[in-house]
>>> print(open('work_0.cif').read())   # mmCIF, C-alpha atoms and all ligand atoms
data_protein
loop_
_atom_site.label_atom_id
_atom_site.label_comp_id
_atom_site.auth_asym_id
_atom_site.auth_seq_id
_atom_site.Cartn_x
_atom_site.Cartn_y
_atom_site.Cartn_z
CA MET A 26 0.00 0.00 0.00
CA THR A 27 1.38 3.38 -1.03
CA LEU A 28 -0.10 6.73 -1.95
CA ALA A 29 0.22 5.84 -5.64
CA SER A 30 -1.87 2.71 -5.19
CA VAL A 31 -4.98 4.48 -3.86
CA VAL A 32 -7.66 3.96 -6.51
CA GLY A 33 -10.55 6.10 -7.66
CA GLN A 34 -9.31 9.46 -6.30
CA PRO A 35 -6.91 10.76 -8.98
CA ARG A 36 -7.38 14.45 -8.20
CA ALA A 37 -6.71 14.10 -4.48
CA ILE A 38 -3.72 11.83 -4.98
CA ASP A 39 -2.23 13.99 -7.74
CA ALA A 40 -2.45 17.06 -5.52
CA LEU A 41 -0.69 15.28 -2.64
CA GLN A 42 2.02 13.85 -4.87
CA ALA A 43 2.63 17.27 -6.39
CA ALA A 44 3.08 18.76 -2.90
CA LEU A 45 5.49 15.97 -1.94
CA ARG A 46 7.56 16.39 -5.11
CA GLY A 47 7.61 20.16 -4.80
CA GLY A 48 8.55 20.13 -1.12
CA SER A 49 5.42 22.07 -0.26
CA VAL A 50 3.67 19.66 2.08
CA HIS A 51 1.31 21.63 4.29
CA HIS A 52 1.43 21.36 8.08
CA ALA A 53 -2.27 20.50 8.26
CA TYR A 54 -4.62 18.72 5.90
CA LEU A 55 -8.34 18.19 5.92
CA PHE A 56 -9.33 15.12 3.93
CA ALA A 57 -13.03 15.62 3.33
CA GLY A 58 -15.43 13.14 1.76
CA PRO A 59 -17.81 10.25 2.47
CA GLU A 60 -16.87 7.21 4.56
CA GLY A 61 -15.11 4.37 2.80
CA VAL A 62 -13.77 6.17 -0.27
CA GLY A 63 -10.06 6.03 0.53
CA LYS A 64 -9.38 9.01 2.83
CA GLU A 65 -7.64 6.88 5.41
CA LEU A 66 -5.65 4.90 2.85
CA ALA A 67 -4.48 8.18 1.36
CA ALA A 68 -3.55 9.47 4.81
CA VAL A 69 -1.48 6.35 5.48
CA GLY A 70 0.11 6.77 2.03
CA LEU A 71 0.96 10.41 2.72
CA ALA A 72 2.43 9.53 6.13
CA GLN A 73 4.54 6.79 4.52
CA ALA A 74 5.82 9.22 1.93
CA LEU A 75 6.86 11.52 4.80
CA VAL A 76 8.68 8.96 6.96
CA CYS A 77 9.91 6.28 4.51
CA PRO A 78 13.73 6.16 4.37
CA GLU A 79 13.78 3.99 1.23
CA LYS A 80 11.74 6.18 -1.10
CA PRO A 81 11.50 9.64 0.45
CA ASN A 82 8.49 11.72 -0.63
CA GLU A 83 6.91 8.68 -2.22
CA GLY A 84 6.83 5.80 0.28
CA CYS A 85 7.90 2.29 -0.70
CA GLY A 86 5.11 0.53 1.19
CA SER A 87 7.35 -2.40 2.08
CA CYS A 88 10.18 -1.23 4.35
CA GLU A 89 9.92 -1.69 8.09
CA GLN A 90 8.84 1.91 8.67
CA CYS A 91 6.13 1.76 6.02
CA LEU A 92 4.82 -1.58 7.29
CA ARG A 93 4.70 -0.49 10.92
CA LEU A 94 2.95 2.69 9.91
CA ALA A 95 0.26 0.79 7.99
CA LYS A 96 -0.31 -1.37 11.10
CA GLY A 97 -0.72 1.72 13.27
CA ALA A 98 2.46 0.89 15.16
CA HIS A 99 4.90 3.62 14.11
CA PRO A 100 6.16 5.67 17.07
CA ASP A 101 6.18 8.94 15.14
CA VAL A 102 2.71 8.55 13.69
CA THR A 103 -0.09 9.13 16.17
CA TRP A 104 -3.63 7.99 15.48
CA LEU A 105 -6.58 9.52 17.21
CA MET A 106 -10.23 8.52 16.99
CA PRO A 107 -13.39 8.32 19.13
CA ASP A 108 -13.40 5.54 21.75
CA ALA A 109 -16.39 3.92 20.04
CA GLU A 110 -14.38 3.68 16.83
CA ARG A 111 -11.44 2.09 18.67
CA LEU A 112 -13.85 -0.49 20.04
CA ASP A 113 -15.36 -1.11 16.58
CA ARG A 114 -11.89 -1.66 15.15
CA GLY A 115 -10.87 -4.04 17.89
CA LEU A 116 -8.13 -1.67 19.08
CA ALA A 117 -9.69 -1.62 22.53
CA GLY A 118 -11.99 -3.90 24.49
CA ARG A 119 -15.21 -3.15 26.41
CA SER A 120 -13.33 -3.37 29.68
CA ASP A 121 -11.04 -0.50 28.64
CA PHE A 122 -13.90 1.94 29.16
CA SER A 123 -15.72 2.74 32.37
CA GLY A 124 -18.99 3.71 30.70
CA THR A 125 -20.34 3.59 27.16
CA PRO A 126 -17.45 4.38 24.80
CA SER A 127 -17.94 7.86 23.43
CA ARG A 128 -18.60 8.66 19.78
CA GLU A 129 -16.99 12.04 20.34
CA ILE A 130 -13.33 13.01 20.43
CA ARG A 131 -12.80 14.62 23.82
CA VAL A 132 -10.49 17.44 24.82
CA GLU A 133 -8.30 15.13 26.94
CA GLN A 134 -7.55 13.12 23.82
CA ILE A 135 -6.49 16.26 21.96
CA ARG A 136 -4.28 17.29 24.89
CA GLY A 137 -2.63 13.86 24.86
CA LEU A 138 -2.04 14.17 21.14
CA LEU A 139 -0.47 17.61 21.52
CA GLU A 140 1.85 16.32 24.20
CA ARG A 141 3.01 13.52 21.96
CA ILE A 142 3.68 15.67 18.93
CA SER A 143 5.55 18.23 20.98
CA LEU A 144 8.26 15.59 21.54
CA ARG A 145 11.08 14.96 19.09
CA GLY A 146 10.53 12.33 16.43
CA LEU A 147 11.90 8.99 17.62
CA GLU A 148 12.76 7.32 14.37
CA SER A 149 12.15 9.89 11.69
CA LYS A 150 12.51 13.63 11.55
CA ARG A 151 8.91 13.98 10.57
CA LYS A 152 5.93 13.37 12.85
CA VAL A 153 2.42 12.77 11.65
CA ALA A 154 -0.88 12.90 13.53
CA LEU A 155 -3.91 11.30 11.97
CA VAL A 156 -7.32 12.21 13.34
CA VAL A 157 -10.02 9.75 12.26
CA ASP A 158 -13.59 11.14 12.33
CA ALA A 159 -12.21 14.59 13.10
CA HIS A 160 -15.72 16.05 12.78
CA MET A 161 -16.57 14.17 15.98
CA MET A 162 -14.32 16.45 18.03
CA ASN A 163 -16.57 18.18 20.52
CA GLN A 164 -16.48 21.95 20.98
CA GLN A 165 -13.78 21.94 23.64
CA ALA A 166 -11.64 19.53 21.65
CA GLN A 167 -11.98 21.67 18.55
CA ASN A 168 -10.92 24.78 20.46
CA ALA A 169 -7.86 22.98 21.82
CA PHE A 170 -7.03 21.72 18.35
CA LEU A 171 -7.39 25.18 16.87
CA LYS A 172 -4.63 26.47 19.16
CA THR A 173 -2.26 23.88 17.71
CA LEU A 174 -3.13 24.95 14.20
CA GLU A 175 -2.38 28.54 15.12
CA GLU A 176 1.07 27.60 16.41
CA PRO A 177 1.92 24.38 14.61
CA PRO A 178 4.78 22.32 16.04
CA SER A 179 7.75 22.04 13.69
CA GLU A 180 8.29 18.98 11.49
CA THR A 181 4.74 17.83 12.04
CA THR A 182 1.95 17.10 9.62
CA LEU A 183 -1.60 16.91 10.95
CA ILE A 184 -4.18 15.06 8.87
CA LEU A 185 -7.86 15.38 9.71
CA LEU A 186 -10.26 12.88 8.16
CA ALA A 187 -13.87 14.03 8.09
CA SER A 188 -17.04 12.81 6.42
CA ALA A 189 -18.96 15.80 7.81
CA PRO A 190 -16.40 18.65 7.59
CA ASP A 191 -19.13 21.27 8.12
CA LYS A 192 -19.16 20.27 11.77
CA LEU A 193 -15.65 21.62 12.16
CA LEU A 194 -15.08 25.23 13.19
CA PRO A 195 -14.64 27.47 10.13
CA THR A 196 -11.34 28.59 11.64
CA ILE A 197 -10.10 24.98 11.68
CA ARG A 198 -11.19 24.41 8.10
CA SER A 199 -9.55 27.58 6.85
CA ARG A 200 -6.21 26.69 8.48
CA CYS A 201 -6.04 23.29 6.80
CA SER A 202 -5.26 22.53 3.22
CA LYS A 203 -8.46 20.88 2.04
CA VAL A 204 -8.32 17.76 -0.11
CA HIS A 205 -11.64 16.57 -1.44
CA PHE A 206 -12.44 12.87 -1.82
CA GLY A 207 -15.53 12.15 -3.91
CA PRO A 208 -17.74 9.07 -4.06
CA LEU A 209 -16.09 6.22 -5.98
CA PRO A 210 -17.47 5.23 -9.38
CA VAL A 211 -20.12 2.48 -9.28
CA GLU A 212 -18.15 0.37 -11.80
CA LEU A 213 -15.06 0.38 -9.61
CA ILE A 214 -17.00 -0.75 -6.54
CA SER A 215 -18.98 -3.29 -8.54
CA SER A 216 -15.88 -4.93 -10.00
CA ARG A 217 -14.20 -5.09 -6.57
CA LEU A 218 -17.34 -6.75 -5.15
CA GLN A 219 -17.43 -9.28 -7.96
CA LYS A 220 -13.78 -10.11 -7.36
CA GLU A 221 -13.62 -10.02 -3.57
CA ARG A 222 -17.10 -11.15 -2.60
CA LYS A 223 -17.72 -13.39 -5.61
CA LEU A 224 -20.97 -11.60 -6.40
CA ASP A 225 -22.74 -11.85 -9.75
CA ALA A 226 -22.79 -8.69 -11.85
CA GLN A 227 -26.39 -7.67 -11.06
CA THR A 228 -26.04 -8.05 -7.28
CA ALA A 229 -22.66 -6.31 -7.29
CA GLN A 230 -24.09 -3.41 -9.28
CA LEU A 231 -27.01 -3.06 -6.90
CA ALA A 232 -24.79 -3.23 -3.83
CA ALA A 233 -22.45 -0.63 -5.37
CA ILE A 234 -25.33 1.77 -5.98
CA MET A 235 -26.73 1.18 -2.50
CA ALA A 236 -23.36 1.93 -0.96
CA GLY A 237 -23.51 5.42 -2.47
CA GLY A 238 -19.93 5.47 -3.78
CA SER A 239 -18.39 4.03 -0.63
CA LEU A 240 -16.30 0.90 -1.09
CA GLY A 241 -16.06 0.51 2.66
CA ARG A 242 -19.81 0.46 3.01
CA ALA A 243 -20.21 -1.86 0.01
CA LEU A 244 -17.79 -4.40 1.47
CA ALA A 245 -19.58 -4.22 4.80
CA LEU A 246 -23.03 -4.72 3.29
CA ASP A 247 -24.96 -7.63 4.65
CA LEU A 248 -25.89 -9.68 1.60
CA ASP A 249 -28.85 -11.36 3.26
CA ALA A 250 -30.17 -7.92 4.04
CA LEU A 251 -29.64 -7.04 0.40
CA ALA A 252 -31.77 -10.01 -0.56
CA ALA A 253 -34.46 -8.69 1.76
CA ARG A 254 -34.71 -5.41 -0.19
CA LYS A 255 -37.81 -6.61 -2.07
CA GLU A 256 -39.60 -7.01 1.22
CA VAL A 257 -38.54 -3.56 2.43
CA ILE A 258 -39.75 -1.99 -0.81
CA SER A 259 -43.00 -3.88 -1.31
CA THR A 260 -44.16 -3.49 2.29
CA PHE A 261 -43.28 0.21 2.17
CA GLU A 262 -45.26 0.72 -1.03
CA ALA A 263 -48.24 -1.10 0.47
CA LEU A 264 -48.57 1.44 3.30
CA LYS A 265 -51.60 3.71 2.99
CA PRO A 266 -52.63 6.97 4.65
CA GLY A 267 -54.92 6.39 7.61
CA GLU A 268 -53.64 2.87 8.34
CA VAL A 269 -51.59 3.89 11.33
CA GLY A 270 -51.33 0.36 12.74
CA ALA A 271 -49.57 -0.90 9.61
CA LEU A 272 -47.30 2.11 9.65
CA LEU A 273 -46.23 1.46 13.24
CA ARG A 274 -45.63 -2.22 12.48
CA TRP A 275 -43.41 -1.29 9.53
CA ALA A 276 -41.35 1.08 11.69
CA ASP A 277 -41.12 -1.62 14.33
CA THR A 278 -39.92 -4.28 11.87
CA PHE A 279 -37.27 -2.18 10.14
CA GLY A 280 -36.30 0.04 13.05
CA SER A 281 -35.15 -2.64 15.47
CA SER A 282 -31.59 -1.30 15.37
CA ARG A 283 -29.61 1.59 14.00
CA GLU A 284 -28.01 -0.58 11.30
CA GLU A 285 -31.31 -2.09 10.26
CA ALA A 286 -32.98 1.31 9.92
CA GLU A 287 -30.03 2.79 8.05
CA HIS A 288 -30.10 -0.15 5.68
CA ALA A 289 -33.85 0.09 5.03
CA LEU A 290 -33.51 3.81 4.36
CA SER A 291 -30.64 3.23 1.92
CA ILE A 292 -32.75 0.67 0.08
CA LEU A 293 -35.67 3.09 -0.10
CA SER A 294 -33.46 5.96 -1.25
CA VAL A 295 -32.19 3.93 -4.18
CA TRP A 296 -35.73 2.72 -4.86
CA THR A 297 -37.08 6.28 -4.87
CA ARG A 298 -34.39 7.18 -7.37
CA ASP A 299 -35.50 4.20 -9.49
CA VAL A 300 -39.11 5.42 -9.48
CA ALA A 301 -37.92 8.89 -10.53
CA VAL A 302 -35.95 7.32 -13.39
CA VAL A 303 -39.04 5.50 -14.62
CA LYS A 304 -41.12 8.64 -14.26
CA ALA A 305 -38.64 10.48 -16.46
CA GLY A 306 -39.00 7.77 -19.12
CA GLY A 307 -35.83 5.83 -18.29
CA GLU A 308 -35.45 2.10 -17.72
CA HIS A 309 -32.02 1.70 -16.15
CA LEU A 310 -32.97 0.83 -12.62
CA ALA A 311 -30.75 -0.35 -9.79
CA ASN A 312 -33.60 -2.70 -8.83
CA ARG A 313 -33.97 -4.06 -12.35
CA ASP A 314 -36.22 -6.88 -11.26
CA LEU A 315 -38.78 -4.44 -9.85
CA LEU A 316 -39.49 -2.52 -13.05
CA GLU A 317 -43.22 -3.33 -12.97
CA LEU A 318 -43.66 -2.05 -9.43
CA ALA A 319 -41.58 1.04 -10.24
CA ARG A 320 -43.93 1.81 -13.16
CA GLU A 321 -46.97 1.39 -10.96
CA VAL A 322 -45.59 3.69 -8.25
CA ALA A 323 -44.38 6.26 -10.82
CA GLU A 324 -47.90 6.34 -12.25
CA ARG A 325 -49.56 7.22 -8.95
CA THR A 326 -46.87 9.44 -7.43
CA HIS A 327 -46.33 13.09 -8.23
CA GLU A 328 -42.77 14.20 -8.91
CA ALA A 329 -42.85 16.67 -6.03
CA MET A 330 -43.83 13.78 -3.78
CA LEU A 331 -40.76 11.82 -4.86
CA HIS A 332 -38.56 14.76 -3.92
CA ARG A 333 -40.29 14.92 -0.57
CA ARG A 334 -39.79 11.21 -0.03
CA HIS A 335 -36.11 11.53 -0.76
CA TYR A 336 -35.78 14.53 1.52
CA LEU A 337 -37.56 12.85 4.44
CA MET A 338 -35.53 9.64 4.06
CA GLU A 339 -32.24 11.49 4.06
CA LYS A 340 -33.36 13.54 7.04
CA ALA A 341 -34.31 10.43 9.03
CA LYS A 342 -31.02 8.76 8.10
CA GLY A 343 -29.07 11.84 9.16
CA ILE A 344 -30.74 11.96 12.56
CA ILE A 345 -30.24 8.24 13.17
CA VAL A 346 -26.63 8.07 12.00
CA GLU A 347 -25.20 11.41 13.06
CA ARG A 348 -27.31 12.37 16.05
CA ASN A 349 -27.89 8.91 17.40
CA GLY A 350 -31.68 9.25 17.09
CA ALA A 351 -33.94 6.34 18.12
CA PRO A 352 -34.32 4.35 14.87
CA ARG A 353 -37.93 3.16 15.29
CA LEU A 354 -39.13 6.61 16.31
CA GLN A 355 -37.42 8.27 13.36
CA LEU A 356 -38.97 5.79 10.93
CA GLU A 357 -42.40 6.40 12.45
CA ARG A 358 -41.95 10.15 12.12
CA MET A 359 -40.82 9.84 8.54
CA LEU A 360 -43.83 7.68 7.60
CA ILE A 361 -46.29 9.96 9.37
CA GLU A 362 -44.90 13.03 7.62
CA LEU A 363 -44.90 11.20 4.31
CA LEU A 364 -48.31 9.55 4.48
CA GLU A 365 -50.29 11.81 6.72
CA GLY A 366 -48.68 15.03 5.54
CA ARG A 367 -47.94 16.33 9.00
ZN ZN B 401 9.09 2.59 3.03
#
>>> encode(input="work_0.cif", output="structure tokens", more="lines below")
Ligand SMILES: [Zn+2]
Amino acid sequence: MTLASVVGQPRAIDALQAALRGGSVHHAYLFAGPEGVGKELAAVGLAQALVCPEKPNEGCGSCEQCLRLAKGAHPDVTWLMPDAERLDRGLAGRSDFSGTPSREIRVEQIRGLLERISLRGLESKRKVALVVDAHMMNQQAQNAFLKTLEEPPSETTLILLASAPDKLLPTIRSRCSKVHFGPLPVELISSRLQKERKLDAQTAQLAAIMAGGSLGRALALDLDALAARKEVISTFEALKPGEVGALLRWADTFGSSREEAEHALSILSVWTRDVAVVKAGGEHLANRDLLELAREVAERTHEAMLHRRHYLMEKAKGIIVERNGAPRLQLERMLIELLEGR
């Protein structure tokens, strides 16, 4: 793994390589873009290019320094992330935390990071700090971090990874060199899924579209859940205004957990897009096998209503994923607003 081997993000990688070649690497970067599109791989690649003794400014990917860095075990490269993320990655166990591991990055963590980077590099001249989910820094943490950006330690490169960069203070954003990572092309994700998950072309295509340009999300997709998409869609389309009992049952079935609700909403987002495609006279659906149903729904649904559907689904997903909203309740609210118009 090196910077050059990051796929699907030519503009971002070109910009970083140009800075490395020209000796104009910034002291702070903000890698902005959706989850699972290569931000972290690029950050590891950039860090390797900065500390690799074999191929300076490029990174060889195979020397001891590069390998340790990729494993998260390089003494001059500090990783920081929310406790909940460390738990998810298996870098910490339940017993390492007294309460529920936080989804936020706390000010104590930032202080610890600053202490570490104020020390001399142990093995390389250059030090790198990598902040995963930087947008999860709480207010205090962001203020502490801002001070560092105002007086950056020498020989240090800070890399912030953020899927929701708007949550960062404008003063943090303006002091970082911003590198944008876009969604990956569907074809790229689809071919990786066919190769790595042995999926057939149609399923891989569908999964790629559902993952919204995120390879990480596509690889993590539960394939059984993908098979259940027909049920999510057909039961959703069968809901009618005034039948509140059915509506509550639907929310109960698909809102049993955060993941489940997020998944159902992703399915419905793609489906709503399919209906809009049919309405506009197109036939290239992600859910190719549901063309008949898409035609039927397109027939009876106004275009403005499809926009509203999409808006309400994204809103519910945002509240569930980013603000930790109760999944069943958010689904209920979405359905009530959608069907009852209130
Ligand atoms: Zn190397």
>>> closest_atom_pairs(input="work_0.cif", of="chain A", to="ligand ZN 401 (chain B)", cutoff="12 Å", atoms="all atoms listed in the file", output="CSV")
residue,atom,partner,partner_atom,distance
A:Met26,CA,B:ZN401,ZN,9.9
A:Thr27,CA,B:ZN401,ZN,8.7
A:Leu28,CA,B:ZN401,ZN,11.2
A:Val69,CA,B:ZN401,ZN,11.5
A:Gly70,CA,B:ZN401,ZN,10.0
A:Leu71,CA,B:ZN401,ZN,11.3
A:Ala72,CA,B:ZN401,ZN,10.1
A:Gln73,CA,B:ZN401,ZN,6.4
A:Ala74,CA,B:ZN401,ZN,7.5
A:Leu75,CA,B:ZN401,ZN,9.4
A:Val76,CA,B:ZN401,ZN,7.5
A:Cys77,CA,B:ZN401,ZN,4.1
A:Pro78,CA,B:ZN401,ZN,6.0
A:Glu79,CA,B:ZN401,ZN,5.2
A:Lys80,CA,B:ZN401,ZN,6.1
A:Pro81,CA,B:ZN401,ZN,7.9
A:Asn82,CA,B:ZN401,ZN,9.9
A:Glu83,CA,B:ZN401,ZN,8.3
A:Gly84,CA,B:ZN401,ZN,4.8
A:Cys85,CA,B:ZN401,ZN,3.9
A:Gly86,CA,B:ZN401,ZN,4.8
A:Ser87,CA,B:ZN401,ZN,5.4
A:Cys88,CA,B:ZN401,ZN,4.2
A:Glu89,CA,B:ZN401,ZN,6.7
A:Gln90,CA,B:ZN401,ZN,5.7
A:Cys91,CA,B:ZN401,ZN,4.3
A:Leu92,CA,B:ZN401,ZN,7.3
A:Arg93,CA,B:ZN401,ZN,9.5
A:Leu94,CA,B:ZN401,ZN,9.2
A:Ala95,CA,B:ZN401,ZN,10.3
A:His99,CA,B:ZN401,ZN,11.9
A:Ser149,CA,B:ZN401,ZN,11.7
>>> atom_distance(input="work_0.cif", atom1="CA of Leu185 in chain A", atom2="CA of Asp158 in chain A")
7.6 Å
>>> closest_residue(input="work_0.cif", among="A:Thr196, A:Leu248, A:Ala305, A:Ser282", to="Glu175 in chain A", atoms="all atoms listed in the file")
A:Thr196
>>> atom_distance(input="work_0.cif", atom1="CA of Ser49 in chain A", atom2="CA of Leu144 in chain A")
22.9 Å
>>> residues_around(input="work_0.cif", residues="range 162-165 of chain A", least_positions_apart="2", cutoff="8 Å", atoms="all atoms listed in the file", output="tab-separated table (two decimals) with C-alpha atoms, in the coordinates of the input")
chain	number	residue	atom	x	y	z
A	129	GLU	CA	-16.99	12.04	20.34
A	130	ILE	CA	-13.33	13.01	20.43
A	131	ARG	CA	-12.80	14.62	23.82
A	132	VAL	CA	-10.49	17.44	24.82
A	158	ASP	CA	-13.59	11.14	12.33
A	159	ALA	CA	-12.21	14.59	13.10
A	160	HIS	CA	-15.72	16.05	12.78
A	167	GLN	CA	-11.98	21.67	18.55
A	168	ASN	CA	-10.92	24.78	20.46
A	169	ALA	CA	-7.86	22.98	21.82
A	193	LEU	CA	-15.65	21.62	12.16
>>> atom_distance(input="work_0.cif", atom1="CA of Arg217 in chain A", atom2="CA of Ser30 in chain A")
14.7 Å
>>> closest_residue(input="work_0.cif", among="A:Ala67, A:Ala40, A:Ala109, A:Val32", to="Asp121 in chain A", atoms="only C-alpha atoms")
A:Ala109
>>> closest_residue(input="work_0.cif", among="A:Leu363, A:Ala37, A:Leu45, A:Val204", to="Pro266 in chain A", atoms="all atoms listed in the file")
A:Leu363
>>> closest_residue(input="work_0.cif", among="A:Pro107, A:Pro195, A:Gly33, A:Gly124", to="Met161 in chain A", atoms="only C-alpha atoms")
A:Pro107
>>> closest_residue(input="work_0.cif", among="A:Leu55, A:Ile135, A:Leu209, A:Ala351", to="Ala189 in chain A", atoms="only C-alpha atoms")
A:Leu55
>>> residues_around(input="work_0.cif", residues="range 268-273 of chain A", least_positions_apart="6", cutoff="12 Å", atoms="all atoms listed in the file", output="MDAnalysis selection string")
chainID A and resid 260:262 279:280 353:365
>>> residues_around(input="work_0.cif", residues="range 324-327 of chain A", least_positions_apart="6", cutoff="10 Å", atoms="only C-alpha atoms", output="PyMOL selection string")
chain A and resi 300-301+303-304+318+333
>>> residues_around(input="work_0.cif", residues="His288 in chain A", least_positions_apart="2", cutoff="10 Å", atoms="only C-alpha atoms", output="PyMOL selection string")
chain A and resi 235-236+246-247+250-251+254+257+279-280+282-286+290-294+342
>>> residues_around(input="work_0.cif", residues="Leu105 in chain A", least_positions_apart="6", cutoff="8 Å", atoms="only C-alpha atoms", output="ChimeraX atom specification")
/A:134,138,154-157
>>> closest_residue(input="work_0.cif", among="A:Ala53, A:Leu218, A:Ile197, A:Ala226", to="Leu183 in chain A", atoms="all atoms listed in the file")
A:Ala53
